[in-house]
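Enquirer: File structure-v7.cif follows (mmCIF, C-alpha atoms):
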```cif
data_run
loop_
_atom_site.label_atom_id
_atom_site.label_comp_id
_atom_site.auth_asym_id
_atom_site.auth_seq_id
_atom_site.Cartn_x
_atom_site.Cartn_y
_atom_site.Cartn_z
CA MET A 1145 180.19 172.29 148.52
CA GLU A 1146 183.33 171.60 146.48
CA ASN A 1147 184.57 168.98 148.98
CA SER A 1148 181.26 167.15 148.87
CA GLN A 1149 181.39 166.97 145.07
CA HIS A 1150 184.99 165.72 144.95
CA LYS A 1151 185.09 163.20 147.81
CA SER A 1152 188.43 161.45 148.23
CA ILE A 1153 188.50 157.69 147.89
CA TRP A 1154 188.09 155.83 151.20
CA GLN A 1155 186.46 158.91 152.66
CA THR A 1156 183.20 157.97 154.35
CA PRO A 1157 180.54 157.34 153.33
CA TRP A 1158 181.98 154.77 150.95
CA GLY A 1159 180.44 154.50 147.52
CA PHE A 1160 180.73 152.56 144.27
CA ALA A 1161 184.49 153.07 143.83
CA GLU A 1162 185.31 151.65 147.24
CA SER A 1163 182.86 148.80 146.66
CA GLN A 1164 184.57 147.86 143.41
CA LEU A 1165 188.02 147.95 145.01
CA ILE A 1166 186.90 145.74 147.90
CA VAL A 1167 185.10 143.20 145.71
CA TRP A 1168 187.79 142.85 143.04
CA GLY A 1169 190.45 142.85 145.72
CA LEU A 1170 188.65 139.89 147.25
CA VAL A 1171 188.52 138.17 143.84
CA LEU A 1172 192.30 138.67 143.55
CA VAL A 1173 192.79 137.19 147.03
CA GLY A 1174 190.72 134.22 145.88
CA PHE A 1175 192.96 133.73 142.84
CA LEU A 1176 196.05 133.80 145.07
CA LEU A 1177 194.48 131.26 147.43
CA ASN A 1178 193.68 129.02 144.46
CA ILE A 1179 197.27 129.18 143.23
CA SER A 1180 198.73 128.41 146.65
CA LEU A 1181 196.11 126.02 148.13
CA GLY A 1182 194.11 124.70 145.20
CA ASN A 1183 190.31 124.79 144.99
CA PHE A 1184 188.16 125.35 148.04
CA ASP A 1185 187.48 122.08 149.89
CA PHE A 1186 183.76 122.04 150.65
CA TYR A 1187 184.23 119.25 153.17
CA LEU A 1188 185.64 121.95 155.45
CA ILE A 1189 182.02 123.04 155.92
CA SER A 1190 180.46 119.58 156.01
CA ARG A 1191 178.15 118.69 158.87
CA PRO A 1192 178.38 119.84 161.66
CA TYR A 1193 180.65 122.69 160.52
CA ASN A 1194 178.01 124.03 158.15
CA PHE A 1195 175.78 124.56 161.20
CA VAL A 1196 178.57 126.58 162.81
CA LEU A 1197 178.96 128.64 159.65
CA GLY A 1198 175.20 129.11 159.39
CA GLY A 1199 175.06 130.24 163.01
CA SER A 1200 177.85 132.72 162.37
CA ILE A 1201 175.93 134.18 159.43
CA MET A 1202 172.81 134.52 161.57
CA LEU A 1203 174.88 136.24 164.29
CA PHE A 1204 176.21 138.69 161.71
CA MET A 1205 172.63 139.46 160.61
CA LEU A 1206 171.65 140.10 164.23
CA LEU A 1207 174.58 142.48 164.65
CA SER A 1208 173.70 144.24 161.39
CA PHE A 1209 170.14 144.70 162.67
CA LEU A 1210 171.28 146.13 165.99
CA GLY A 1211 173.83 148.38 164.29
CA ARG A 1212 171.78 149.17 161.18
CA ASN A 1213 172.45 152.91 161.63
CA LYS A 1214 176.22 152.40 161.84
CA THR A 1215 178.31 153.49 158.85
CA PHE A 1216 179.80 150.02 158.25
CA PHE A 1217 176.47 148.19 158.13
CA LYS A 1218 174.90 150.93 155.99
CA PHE A 1219 177.69 150.46 153.46
CA PHE A 1220 177.54 146.67 153.68
CA SER A 1221 173.85 146.68 152.76
CA SER A 1222 174.13 149.55 150.28
CA LEU A 1223 173.04 149.42 146.64
CA GLU A 1224 176.59 150.19 145.45
CA PHE A 1225 178.10 147.25 147.32
CA SER A 1226 175.34 144.89 146.17
CA ILE A 1227 175.79 145.89 142.53
CA SER A 1228 179.55 145.40 142.79
CA LEU A 1229 179.05 141.89 144.15
CA LEU A 1230 176.55 141.08 141.41
CA ILE A 1231 178.98 142.32 138.73
CA ALA A 1232 181.72 140.08 140.12
CA LEU A 1233 179.39 137.05 140.28
CA THR A 1234 178.26 137.73 136.71
CA VAL A 1235 181.84 137.94 135.42
CA LEU A 1236 182.77 134.69 137.20
CA ALA A 1237 179.62 133.03 135.82
CA ILE A 1238 180.55 134.14 132.28
CA ILE A 1239 184.03 132.66 132.74
CA MET A 1240 182.40 129.43 133.94
CA GLY A 1241 180.14 129.39 130.87
CA LEU A 1242 183.06 129.90 128.49
CA THR A 1243 185.37 127.37 130.17
CA LYS A 1244 185.03 123.61 130.11
CA GLN A 1245 184.28 122.61 133.68
CA GLY A 1246 186.12 119.65 135.23
CA ILE A 1247 185.12 117.18 137.92
CA HIS A 1248 185.02 118.58 141.44
CA GLY A 1249 187.61 117.04 143.67
CA GLU A 1250 190.15 116.40 140.93
CA SER A 1251 193.52 117.27 142.38
CA LEU A 1252 195.66 120.04 140.97
CA ALA A 1253 198.68 117.75 141.07
CA ASN A 1254 196.98 115.28 138.75
CA LEU A 1255 196.06 118.05 136.35
CA GLN A 1256 199.63 119.33 136.34
CA ASN A 1257 201.12 115.86 135.84
CA SER A 1258 198.78 115.10 132.96
CA ASN A 1259 200.00 118.19 131.14
CA SER A 1260 203.66 118.20 132.12
CA ASN A 1261 204.81 116.82 128.76
CA SER A 1262 203.44 119.74 126.77
CA ASN A 1263 204.71 123.32 127.03
CA SER A 1264 201.48 124.72 125.62
CA ASN A 1265 199.42 122.74 128.11
CA SER A 1266 201.73 123.83 130.91
CA ASN A 1267 201.12 127.43 129.98
CA SER A 1268 197.37 126.87 130.00
CA ASN A 1269 197.57 125.46 133.52
CA ILE A 1270 197.39 129.01 134.87
CA PHE A 1271 193.63 128.87 134.17
CA VAL A 1272 193.41 125.59 136.07
CA ARG A 1273 195.40 127.06 138.94
CA LEU A 1274 193.07 130.06 139.09
CA GLY A 1275 190.09 127.69 139.33
CA PHE A 1276 188.48 128.56 135.99
CA ASN A 1277 187.86 124.88 135.20
CA GLN A 1278 185.96 124.35 138.50
CA MET A 1279 184.53 127.80 139.05
CA THR A 1280 181.92 127.00 141.69
CA SER A 1281 184.61 125.50 143.92
CA SER A 1282 187.18 128.25 143.31
CA TRP A 1283 188.10 130.48 146.21
CA SER A 1284 187.06 133.62 144.30
CA PHE A 1285 183.54 132.34 143.65
CA VAL A 1286 183.11 131.01 147.20
CA LEU A 1287 184.28 134.27 148.80
CA ILE A 1288 182.05 136.47 146.63
CA TYR A 1289 179.10 134.11 147.12
CA PHE A 1290 179.61 134.18 150.91
CA LEU A 1291 179.94 137.97 150.93
CA PHE A 1292 176.79 138.33 148.84
CA ILE A 1293 174.83 136.25 151.38
CA LEU A 1294 176.07 138.50 154.19
CA SER A 1295 175.26 141.70 152.25
CA LEU A 1296 171.80 140.51 151.19
CA GLY A 1297 171.05 139.36 154.75
CA ALA A 1298 172.10 142.76 156.14
CA LEU A 1299 169.84 144.47 153.62
CA VAL A 1300 166.85 142.27 154.54
CA VAL A 1301 167.12 142.82 158.30
CA ARG A 1302 167.61 146.57 157.78
CA ARG A 1303 164.31 146.76 155.89
CA ILE A 1304 162.38 144.74 158.49
CA VAL A 1305 161.70 147.85 160.56
CA SER A 1306 160.09 149.69 157.63
CA LYS A 1307 156.37 150.31 158.19
CA LYS A 1308 155.46 150.77 154.53
CA LYS A 1309 152.79 148.33 153.38
CA LYS A 1310 154.57 147.48 150.15
CA ASN A 1311 157.72 146.66 152.09
CA ILE A 1312 156.34 143.13 152.36
CA ILE A 1313 157.00 142.68 148.63
CA PHE A 1314 160.62 143.72 149.07
CA LEU A 1315 161.05 141.33 151.99
CA LEU A 1316 159.44 138.41 150.17
CA LEU A 1317 161.66 138.84 147.11
CA HIS A 1318 164.94 139.50 148.90
CA ALA A 1319 164.42 137.23 151.91
CA GLY A 1320 163.32 134.46 149.54
CA LEU A 1321 166.49 134.88 147.48
CA TRP A 1322 168.58 134.90 150.66
CA ILE A 1323 166.97 131.66 151.87
CA VAL A 1324 167.66 129.98 148.50
CA LEU A 1325 171.32 131.07 148.50
CA PHE A 1326 171.84 130.34 152.19
CA PHE A 1327 170.51 126.78 152.23
CA ALA A 1328 171.80 125.89 148.77
CA GLY A 1329 175.30 126.95 149.82
CA LEU A 1330 175.33 125.28 153.24
CA GLY A 1331 173.68 122.13 151.90
CA TYR A 1332 176.07 121.69 148.97
CA VAL A 1333 178.34 119.25 150.80
CA ASP A 1334 175.44 117.30 152.30
CA THR A 1335 174.04 116.61 148.81
CA GLU A 1336 174.77 113.04 147.65
CA ARG A 1337 174.46 111.67 144.11
CA TYR A 1338 174.42 108.03 143.03
CA ILE A 1339 173.66 105.99 139.92
CA MET A 1340 171.63 102.85 140.61
CA TYR A 1341 171.15 100.04 138.06
CA VAL A 1342 167.98 98.01 138.59
CA ASN A 1343 167.15 94.81 136.69
CA LYS A 1344 163.57 94.28 135.58
CA GLY A 1345 161.53 92.48 138.23
CA GLU A 1346 164.18 92.93 140.93
CA ILE A 1347 164.65 95.20 143.94
CA GLU A 1348 167.92 97.11 144.29
CA TRP A 1349 169.27 99.24 147.15
CA ARG A 1350 173.00 99.09 146.41
CA VAL A 1351 175.16 101.46 144.38
CA TYR A 1352 178.85 101.75 143.63
CA GLY A 1353 180.97 104.53 145.13
CA SER A 1354 183.71 106.39 143.25
CA ASP A 1355 186.24 103.82 144.51
CA GLY A 1356 184.18 100.90 143.16
CA GLU A 1357 183.00 99.85 146.62
CA LYS A 1358 179.36 98.83 147.10
CA ILE A 1359 177.24 101.19 149.20
CA GLU A 1360 173.90 100.24 150.73
CA LEU A 1361 171.38 103.09 150.64
CA PRO A 1362 168.36 103.67 152.89
CA ILE A 1363 166.19 103.60 149.75
CA ALA A 1364 165.31 100.72 147.40
CA ILE A 1365 163.79 100.61 143.92
CA LYS A 1366 161.88 97.76 142.26
CA LEU A 1367 161.66 97.92 138.46
CA ASN A 1368 158.31 96.48 137.39
CA ASP A 1369 158.56 97.43 133.73
CA PHE A 1370 160.62 99.45 131.26
CA ILE A 1371 158.81 101.13 128.36
CA LEU A 1372 160.58 102.64 125.36
CA GLU A 1373 158.74 104.60 122.68
CA GLU A 1374 160.53 105.14 119.37
CA TYR A 1375 160.31 107.64 116.53
CA ILE A 1376 159.60 106.43 113.02
CA SER A 1377 162.90 105.58 111.36
CA LYS A 1378 164.50 107.15 108.28
CA LEU A 1379 165.64 105.72 104.96
CA ALA A 1380 169.02 106.21 103.30
CA ILE A 1381 170.89 105.02 100.22
CA ILE A 1382 174.29 103.48 101.01
CA GLU A 1383 177.18 102.27 98.91
CA ARG A 1384 177.22 98.50 99.26
CA LYS A 1385 181.00 98.12 99.47
CA THR A 1386 181.72 100.85 102.01
CA GLY A 1387 178.38 101.27 103.77
CA GLN A 1388 178.72 105.04 103.30
CA VAL A 1389 175.48 107.04 103.13
CA GLN A 1390 174.98 108.78 99.79
CA PRO A 1391 175.79 111.31 98.52
CA SER A 1392 179.12 110.90 100.30
CA ASN A 1393 179.80 114.65 100.39
CA ASN A 1394 176.35 115.48 101.78
CA PRO A 1395 174.49 112.41 103.15
CA GLU A 1396 170.72 112.44 102.66
CA TYR A 1397 168.02 110.85 104.77
CA ILE A 1398 164.24 110.88 104.36
CA GLN A 1399 161.68 110.37 107.09
CA ILE A 1400 159.46 107.37 106.36
CA ASP A 1401 156.03 108.66 105.43
CA THR A 1402 153.31 106.34 106.74
CA ASN A 1403 150.91 107.80 104.16
CA LYS A 1404 151.06 105.19 101.43
CA GLN A 1405 151.79 105.96 97.76
CA ARG A 1406 153.49 109.26 98.56
CA LYS A 1407 156.53 109.63 96.30
CA LYS A 1408 159.93 110.80 97.63
CA ILE A 1409 163.29 111.26 95.92
CA LEU A 1410 166.45 110.08 97.67
CA SER A 1411 169.91 110.25 96.04
CA GLY A 1412 168.42 109.92 92.57
CA PHE A 1413 166.02 107.10 93.47
CA GLU A 1414 162.26 107.45 93.52
CA ILE A 1415 160.81 105.77 96.63
CA VAL A 1416 157.16 104.98 97.32
CA VAL A 1417 155.99 103.46 100.63
CA GLU A 1418 153.55 100.62 100.03
CA ASN A 1419 153.24 99.42 103.64
CA TYR A 1420 154.74 100.41 107.01
CA ILE A 1421 154.68 98.27 110.16
CA HIS A 1422 156.03 99.92 113.32
CA GLU A 1423 156.13 96.65 115.29
CA ALA A 1424 157.06 93.88 112.90
CA VAL A 1425 158.70 90.46 112.96
CA ARG A 1426 159.90 88.36 110.06
CA SER A 1427 157.38 85.83 108.83
CA SER A 1428 159.81 84.56 106.15
CA ASP A 1429 163.14 85.54 104.63
CA THR A 1430 161.47 88.17 102.49
CA SER A 1431 158.36 89.30 104.38
CA TYR A 1432 157.23 90.85 107.68
CA ARG A 1433 154.02 90.85 109.68
CA HIS A 1434 152.61 92.93 112.50
CA MET A 1435 153.47 91.47 115.92
CA PRO A 1436 153.47 93.75 119.03
CA MET A 1437 156.28 92.37 121.20
CA LEU A 1438 159.59 93.48 122.69
CA ALA A 1439 161.60 91.90 119.86
CA SER A 1440 159.61 93.67 117.12
CA THR A 1441 161.27 96.18 114.81
CA PRO A 1442 160.02 98.76 112.29
CA ALA A 1443 159.73 97.48 108.69
CA VAL A 1444 158.60 99.10 105.46
CA TYR A 1445 157.63 97.70 102.04
CA VAL A 1446 158.73 100.05 99.27
CA THR A 1447 158.91 100.46 95.53
CA VAL A 1448 162.16 101.92 94.22
CA LYS A 1449 162.60 103.28 90.69
CA LYS A 1450 165.51 104.79 88.83
CA ALA A 1451 165.92 105.62 85.14
CA ILE A 1452 168.92 103.81 83.62
CA SER A 1453 170.35 105.51 80.52
CA LYS A 1454 172.45 103.98 77.71
CA THR A 1455 175.52 105.84 78.95
CA ASN A 1456 175.32 104.13 82.33
CA SER A 1457 174.12 100.69 81.25
CA SER A 1458 174.84 97.93 78.75
CA LEU A 1459 171.12 97.62 78.07
CA PRO A 1460 170.22 98.23 74.41
CA GLU A 1461 167.74 100.98 75.21
CA GLU A 1462 166.81 103.28 78.04
CA LYS A 1463 164.26 101.82 80.38
CA GLU A 1464 163.10 102.10 83.96
CA LYS A 1465 164.12 99.53 86.55
CA ILE A 1466 161.65 98.82 89.38
CA ILE A 1467 162.65 97.15 92.67
CA ARG A 1468 160.16 96.12 95.37
CA GLY A 1469 160.82 94.68 98.79
CA TRP A 1470 160.97 95.00 102.56
CA VAL A 1471 163.49 97.16 104.45
CA SER A 1472 164.13 96.94 108.19
CA ALA A 1473 166.71 98.32 110.60
CA GLY A 1474 166.55 95.21 112.75
CA ASN A 1475 167.67 94.97 116.38
CA ILE A 1476 169.56 92.57 118.62
CA ALA A 1477 166.84 89.95 118.05
CA GLN A 1478 166.32 90.43 114.31
CA ILE A 1479 168.81 90.84 111.47
CA ALA A 1480 168.63 94.09 109.51
CA LYS A 1481 167.04 93.80 106.04
CA PRO A 1482 168.45 96.13 103.34
CA LEU A 1483 167.03 96.32 99.82
CA VAL A 1484 169.56 96.08 96.99
CA VAL A 1485 168.59 98.61 94.31
CA ASP A 1486 171.48 98.05 91.89
CA SER A 1487 174.99 96.63 91.75
CA ASN A 1488 176.43 99.54 93.76
CA TYR A 1489 173.73 100.78 96.10
CA ALA A 1490 171.20 99.56 98.65
CA LEU A 1491 168.31 101.13 100.51
CA VAL A 1492 168.55 100.82 104.30
CA MET A 1493 166.60 101.92 107.36
CA THR A 1494 168.29 103.76 110.20
CA PRO A 1495 167.88 102.37 113.74
CA ALA A 1496 164.80 103.74 115.50
CA GLU A 1497 165.64 106.65 117.80
CA PRO A 1498 164.14 106.74 121.32
CA LYS A 1499 161.21 109.12 121.73
CA SER A 1500 160.78 108.54 125.45
CA PHE A 1501 161.73 105.90 127.97
CA ILE A 1502 159.77 105.29 131.12
CA SER A 1503 160.37 103.11 134.15
CA ASP A 1504 157.43 101.72 136.11
CA VAL A 1505 158.81 101.40 139.64
CA GLU A 1506 158.03 100.91 143.32
CA ILE A 1507 160.15 102.85 145.82
CA TYR A 1508 160.77 101.88 149.45
CA THR A 1509 162.58 103.77 152.22
CA GLN A 1510 163.87 102.72 155.63
CA ASP A 1511 161.26 104.88 157.36
CA GLU A 1512 158.61 102.63 155.72
CA LYS A 1513 157.55 105.00 152.97
CA HIS A 1514 156.27 103.30 149.82
CA LYS A 1515 155.51 104.89 146.47
CA GLU A 1516 154.49 103.58 143.06
CA ALA A 1517 155.59 105.84 140.24
CA ARG A 1518 156.52 106.17 136.59
CA ILE A 1519 159.89 107.85 136.11
CA GLU A 1520 160.87 109.38 132.79
CA VAL A 1521 163.33 111.96 131.48
CA ASN A 1522 162.57 115.45 132.87
CA SER A 1523 159.94 113.94 135.14
CA PRO A 1524 161.68 112.82 138.35
CA VAL A 1525 160.03 111.40 141.45
CA GLU A 1526 160.47 112.86 144.93
CA ILE A 1527 160.23 110.79 148.11
CA GLY A 1528 161.43 112.26 151.39
CA SER A 1529 164.74 114.04 150.81
CA TRP A 1530 165.44 111.95 147.68
CA MET A 1531 164.93 112.94 144.05
CA ILE A 1532 165.04 110.05 141.56
CA TYR A 1533 165.75 110.76 137.88
CA GLN A 1534 165.62 108.48 134.84
CA HIS A 1535 169.28 108.26 133.83
CA SER A 1536 169.78 105.63 131.11
CA TYR A 1537 169.12 102.09 129.94
CA ASP A 1538 170.74 99.44 127.74
CA ASP A 1539 170.74 101.44 124.50
CA VAL A 1540 172.04 98.43 122.54
CA ALA A 1541 169.05 96.31 123.55
CA GLY A 1542 166.68 99.25 123.15
CA LYS A 1543 163.16 98.44 124.26
CA MET A 1544 164.38 94.97 125.20
CA SER A 1545 166.60 96.52 127.87
CA ASN A 1546 166.61 94.32 130.96
CA TYR A 1547 167.61 97.13 133.29
CA SER A 1548 167.08 100.81 133.93
CA ALA A 1549 169.56 103.23 135.48
CA PHE A 1550 168.45 105.94 137.90
CA GLU A 1551 170.22 108.97 139.33
CA LEU A 1552 169.45 109.36 143.02
CA VAL A 1553 170.03 112.76 144.61
CA TYR A 1554 169.82 113.16 148.38
CA ASP A 1555 169.40 116.77 149.52
CA PRO A 1556 168.13 117.24 153.09
CA TRP A 1557 168.13 121.03 152.61
CA LEU A 1558 165.90 121.03 149.54
CA TYR A 1559 162.66 121.84 151.38
CA TYR A 1560 164.15 125.09 152.71
CA VAL A 1561 165.18 126.04 149.18
CA TYR A 1562 161.58 125.40 148.09
CA ILE A 1563 160.39 127.78 150.81
CA GLY A 1564 162.66 130.49 149.43
CA ILE A 1565 161.45 129.89 145.88
CA GLY A 1566 157.85 130.06 147.10
CA MET A 1567 158.52 133.41 148.78
CA ILE A 1568 160.05 134.78 145.58
CA ALA A 1569 157.04 133.59 143.58
CA LEU A 1570 154.61 135.16 146.05
CA GLY A 1571 156.55 138.42 146.04
CA ALA A 1572 156.56 138.49 142.23
CA LEU A 1573 152.78 137.89 142.18
CA LEU A 1574 152.15 140.73 144.65
CA LEU A 1575 154.46 142.96 142.61
CA VAL A 1576 152.33 142.37 139.52
CA ILE A 1577 149.11 143.02 141.46
CA LEU A 1578 150.17 145.98 143.61
CA GLY A 1579 152.85 147.57 141.45
CA LYS A 1580 156.40 148.57 142.41
CA TYR A 1581 157.42 148.64 146.05
#
```
Step by step, read the file and then write its structure as structure tokens.
Expert:
Amino acid sequence: MENSQHKSIWQTPWGFAESQLIVWGLVLVGFLLNISLGNFDFYLISRPYNFVLGGSIMLFMLLSFLGRNKTFFKFFSSLEFSISLLIALTVLAIIMGLTKQGIHGESLANLQNSNSNSNSNSNSNIFVRLGFNQMTSSWSFVLIYFLFILSLGALVVRRIVSKKKKNIIFLLLHAGLWIVLFFAGLGYVDTERYIMYVNKGEIEWRVYGSDGEKIELPIAIKLNDFILEEYISKLAIIERKTGQVQPSNNPEYIQIDTNKQRKKILSGFEIVVENYIHEAVRSSDTSYRHMPMLASTPAVYVTVKKAISKTNSSLPEEKEKIIRGWVSAGNIAQIAKPLVVDSNYALVMTPAEPKSFISDVEIYTQDEKHKEARIEVNSPVEIGSWMIYQHSYDDVAGKMSNYSAFELVYDPWLYYVYIGIGMIALGALLLVILGKY
């Protein structure tokens, strides 16, 4: 009884202590590999080598199923080993979250040369050498990630033989997670990302590679229209000589209130909106009119008041000065229109900020797929193995932008990841309905 309570380390069956030693020993090996070889090169498992690696993982799962009663495979799929791997992944993820991540593929030599002139930077290079700045391509992360896939796979195949009805929930949750990790890992290198700039009314299928060379893609985009919606602008008081927003120590802005005759105070000035036009063009040097068109700009007619005392003015008695006029932020087609309120200050409108920008497009692929769609931020379009995201536009031209930029992501493994996510969702639904497994 005493020997069973005080089991020596490395005495079978292995438990949490041995799991921790193995996992953190592997993390240390990863750090040493990073120092000596640099970050893991994912192109080592590019197609067709990722198929070889995937086949090897499947072979390991088959062996773990056949030898599921063996001590090694019991330990490999044990709760203690799984928790140890999850702890290591969590710690590495925290480091990644606290460390500024660099661009994958940037050479260690370049990073060292860029910092060679500074002793402090040279000392900080140890974090670069350990892979902290590119955590997902560090040897430590890759090794733990790979080991977690093997352990989770061994656990799934060991539970396949269970005849309990609720075992299906366990298999859906864990097998779904395994599928997501397996195909996301193997498909990482096969994923391609490009930025494509498309002029309005034109069809584009070419992008630029990292070396500046043009690449022709098997997908083309025609930009039919670009639509930009803008928020209502703000007003600010600026010093006329410097253009600095007042008060200089704590700049103030007020949102334009489209409800007329509502009084607001800004930097000591009382401002009342008499008229607001969201899409306006100049009808003269001093007035605006409503005109919905690409070159239009927000404009507001205001009344500005400020009490002028004897101590601040040469006027014989205190009186109130009233200024009325139009204010507009302008754009590349129209000159901005400030309103001078006194000899030192002027009322101005800030440029309208984008609320949403949408591209009306037609998409063509080499396998003769055709799709009409509207692409906007956080609302990408999927066609085949391509995901197309709204990336940017000409922010200087604003709604008069003549082009739209799209991020194209090619991921041939994405459908398998979706299958895994679907299994997890189904397992979670059954867990809510049937209770714990």
Enquirer: Pull out every residue that the PyMOL selection byres ((chain A and resi 1509) around 12) matches in the shown coordinates and put them as a PDB file with C-alpha atoms, in the coordinates of the input.
Expert:
```
ATOM      1  CA  GLU A1348     167.920  97.110 144.290  1.00  0.00           C
ATOM      2  CA  TRP A1349     169.270  99.240 147.150  1.00  0.00           C
ATOM      3  CA  GLU A1360     173.900 100.240 150.730  1.00  0.00           C
ATOM      4  CA  LEU A1361     171.380 103.090 150.640  1.00  0.00           C
ATOM      5  CA  PRO A1362     168.360 103.670 152.890  1.00  0.00           C
ATOM      6  CA  ILE A1363     166.190 103.600 149.750  1.00  0.00           C
ATOM      7  CA  ALA A1364     165.310 100.720 147.400  1.00  0.00           C
ATOM      8  CA  ILE A1365     163.790 100.610 143.920  1.00  0.00           C
ATOM      9  CA  LYS A1366     161.880  97.760 142.260  1.00  0.00           C
ATOM     10  CA  GLU A1506     158.030 100.910 143.320  1.00  0.00           C
ATOM     11  CA  ILE A1507     160.150 102.850 145.820  1.00  0.00           C
ATOM     12  CA  TYR A1508     160.770 101.880 149.450  1.00  0.00           C
ATOM     13  CA  GLN A1510     163.870 102.720 155.630  1.00  0.00           C
ATOM     14  CA  ASP A1511     161.260 104.880 157.360  1.00  0.00           C
ATOM     15  CA  GLU A1512     158.610 102.630 155.720  1.00  0.00           C
ATOM     16  CA  LYS A1513     157.550 105.000 152.970  1.00  0.00           C
ATOM     17  CA  HIS A1514     156.270 103.300 149.820  1.00  0.00           C
ATOM     18  CA  LYS A1515     155.510 104.890 146.470  1.00  0.00           C
ATOM     19  CA  GLU A1526     160.470 112.860 144.930  1.00  0.00           C
ATOM     20  CA  ILE A1527     160.230 110.790 148.110  1.00  0.00           C
ATOM     21  CA  GLY A1528     161.430 112.260 151.390  1.00  0.00           C
ATOM     22  CA  SER A1529     164.740 114.040 150.810  1.00  0.00           C
ATOM     23  CA  TRP A1530     165.440 111.950 147.680  1.00  0.00           C
TER      24      TRP A1530
END
```
Enquirer: If we count only C-alpha atoms, what is near Leu1203 in chain A at a cut-off of 12 Å, once residues fewer than 5 positions away on the same chain are taken out, given as an MDAnalysis selection string?
Expert: chainID A and resid 1196:1198 1208:1210 1294 1297:1298 1301
Enquirer: As a PyMOL selection string, please: the residues near range 1283-1289 of chain A (cut-off 12 Å, only C-alpha atoms, same-chain neighbours under 5 positions excluded).
Expert: chain A and resi 1166-1186+1189+1225-1226+1228-1240+1273-1276+1278+1294-1296+1322+1325-1326+1328-1330+1332
Enquirer: If the PyMOL selection byres ((chain A and resi 1490) around 7) were run on this exact file, what residues would it hold? Put them as a list in words.
Expert: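 Answer for the PyMOL selection byres ((chain A and resi 1490) around 7): Ile1381, Ile1382, Glu1383, Arg1384, Pro1482, Leu1483, Val1484, Val1485, Asp1486, Tyr1489, Leu1491 and Val1492 of chain A.
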Enquirer: Give me, as a list in words, all polymer residues having an atom no more than 6 Å from Ala1473 in chain A, counting all atoms listed in the file and skipping those fewer than 6 positions away in the same chain.
Expert: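 Result of the neighbour search: Ala1480, Met1493, Thr1494 and Pro1495 of chain A.
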Enquirer: Between CA of Arg1303 in chain A and CA of Phe1216 in chain A, what is the distance, to one decimal in Å?
Expert: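 Interatomic distance here is 16.0 Å.
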Enquirer: Mind giving me the straight-line distance from CA of Lys1449 in chain A to CA of Thr1386 in chain A in Å, one decimal?
Expert: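 Distance reported for this atom pair: 22.4 Å.
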Enquirer: Taking the file above as input, evaluate the PyMOL selection byres ((chain A and resi 1537) around 12) and report the hits as a PDB file with C-alpha atoms, keeping the file's coordinate frame.
Expert:
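Output contents, as saved in part24.pdb:
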```
ATOM      1  CA  ILE A1339     173.660 105.990 139.920  1.00  0.00           C
ATOM      2  CA  MET A1340     171.630 102.850 140.610  1.00  0.00           C
ATOM      3  CA  TYR A1341     171.150 100.040 138.060  1.00  0.00           C
ATOM      4  CA  VAL A1342     167.980  98.010 138.590  1.00  0.00           C
ATOM      5  CA  ASN A1343     167.150  94.810 136.690  1.00  0.00           C
ATOM      6  CA  LYS A1344     163.570  94.280 135.580  1.00  0.00           C
ATOM      7  CA  PHE A1370     160.620  99.450 131.260  1.00  0.00           C
ATOM      8  CA  ILE A1371     158.810 101.130 128.360  1.00  0.00           C
ATOM      9  CA  LEU A1372     160.580 102.640 125.360  1.00  0.00           C
ATOM     10  CA  PRO A1498     164.140 106.740 121.320  1.00  0.00           C
ATOM     11  CA  SER A1500     160.780 108.540 125.450  1.00  0.00           C
ATOM     12  CA  PHE A1501     161.730 105.900 127.970  1.00  0.00           C
ATOM     13  CA  ILE A1502     159.770 105.290 131.120  1.00  0.00           C
ATOM     14  CA  SER A1503     160.370 103.110 134.150  1.00  0.00           C
ATOM     15  CA  GLU A1520     160.870 109.380 132.790  1.00  0.00           C
ATOM     16  CA  VAL A1521     163.330 111.960 131.480  1.00  0.00           C
ATOM     17  CA  GLN A1534     165.620 108.480 134.840  1.00  0.00           C
ATOM     18  CA  HIS A1535     169.280 108.260 133.830  1.00  0.00           C
ATOM     19  CA  SER A1536     169.780 105.630 131.110  1.00  0.00           C
ATOM     20  CA  ASP A1538     170.740  99.440 127.740  1.00  0.00           C
ATOM     21  CA  ASP A1539     170.740 101.440 124.500  1.00  0.00           C
ATOM     22  CA  VAL A1540     172.040  98.430 122.540  1.00  0.00           C
ATOM     23  CA  ALA A1541     169.050  96.310 123.550  1.00  0.00           C
ATOM     24  CA  GLY A1542     166.680  99.250 123.150  1.00  0.00           C
ATOM     25  CA  LYS A1543     163.160  98.440 124.260  1.00  0.00           C
ATOM     26  CA  MET A1544     164.380  94.970 125.200  1.00  0.00           C
ATOM     27  CA  SER A1545     166.600  96.520 127.870  1.00  0.00           C
ATOM     28  CA  ASN A1546     166.610  94.320 130.960  1.00  0.00           C
ATOM     29  CA  TYR A1547     167.610  97.130 133.290  1.00  0.00           C
ATOM     30  CA  SER A1548     167.080 100.810 133.930  1.00  0.00           C
ATOM     31  CA  ALA A1549     169.560 103.230 135.480  1.00  0.00           C
ATOM     32  CA  PHE A1550     168.450 105.940 137.900  1.00  0.00           C
ATOM     33  CA  GLU A1551     170.220 108.970 139.330  1.00  0.00           C
TER      34      GLU A1551
END
```
Enquirer: Would you compute the distance between CA of Glu1497 in chain A and CA of Ile1519 in chain A? Give it in Å to one decimal.
Expert: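 One can read the CA of Glu1497 in chain A to CA of Ile1519 in chain A distance as 19.2 Å.
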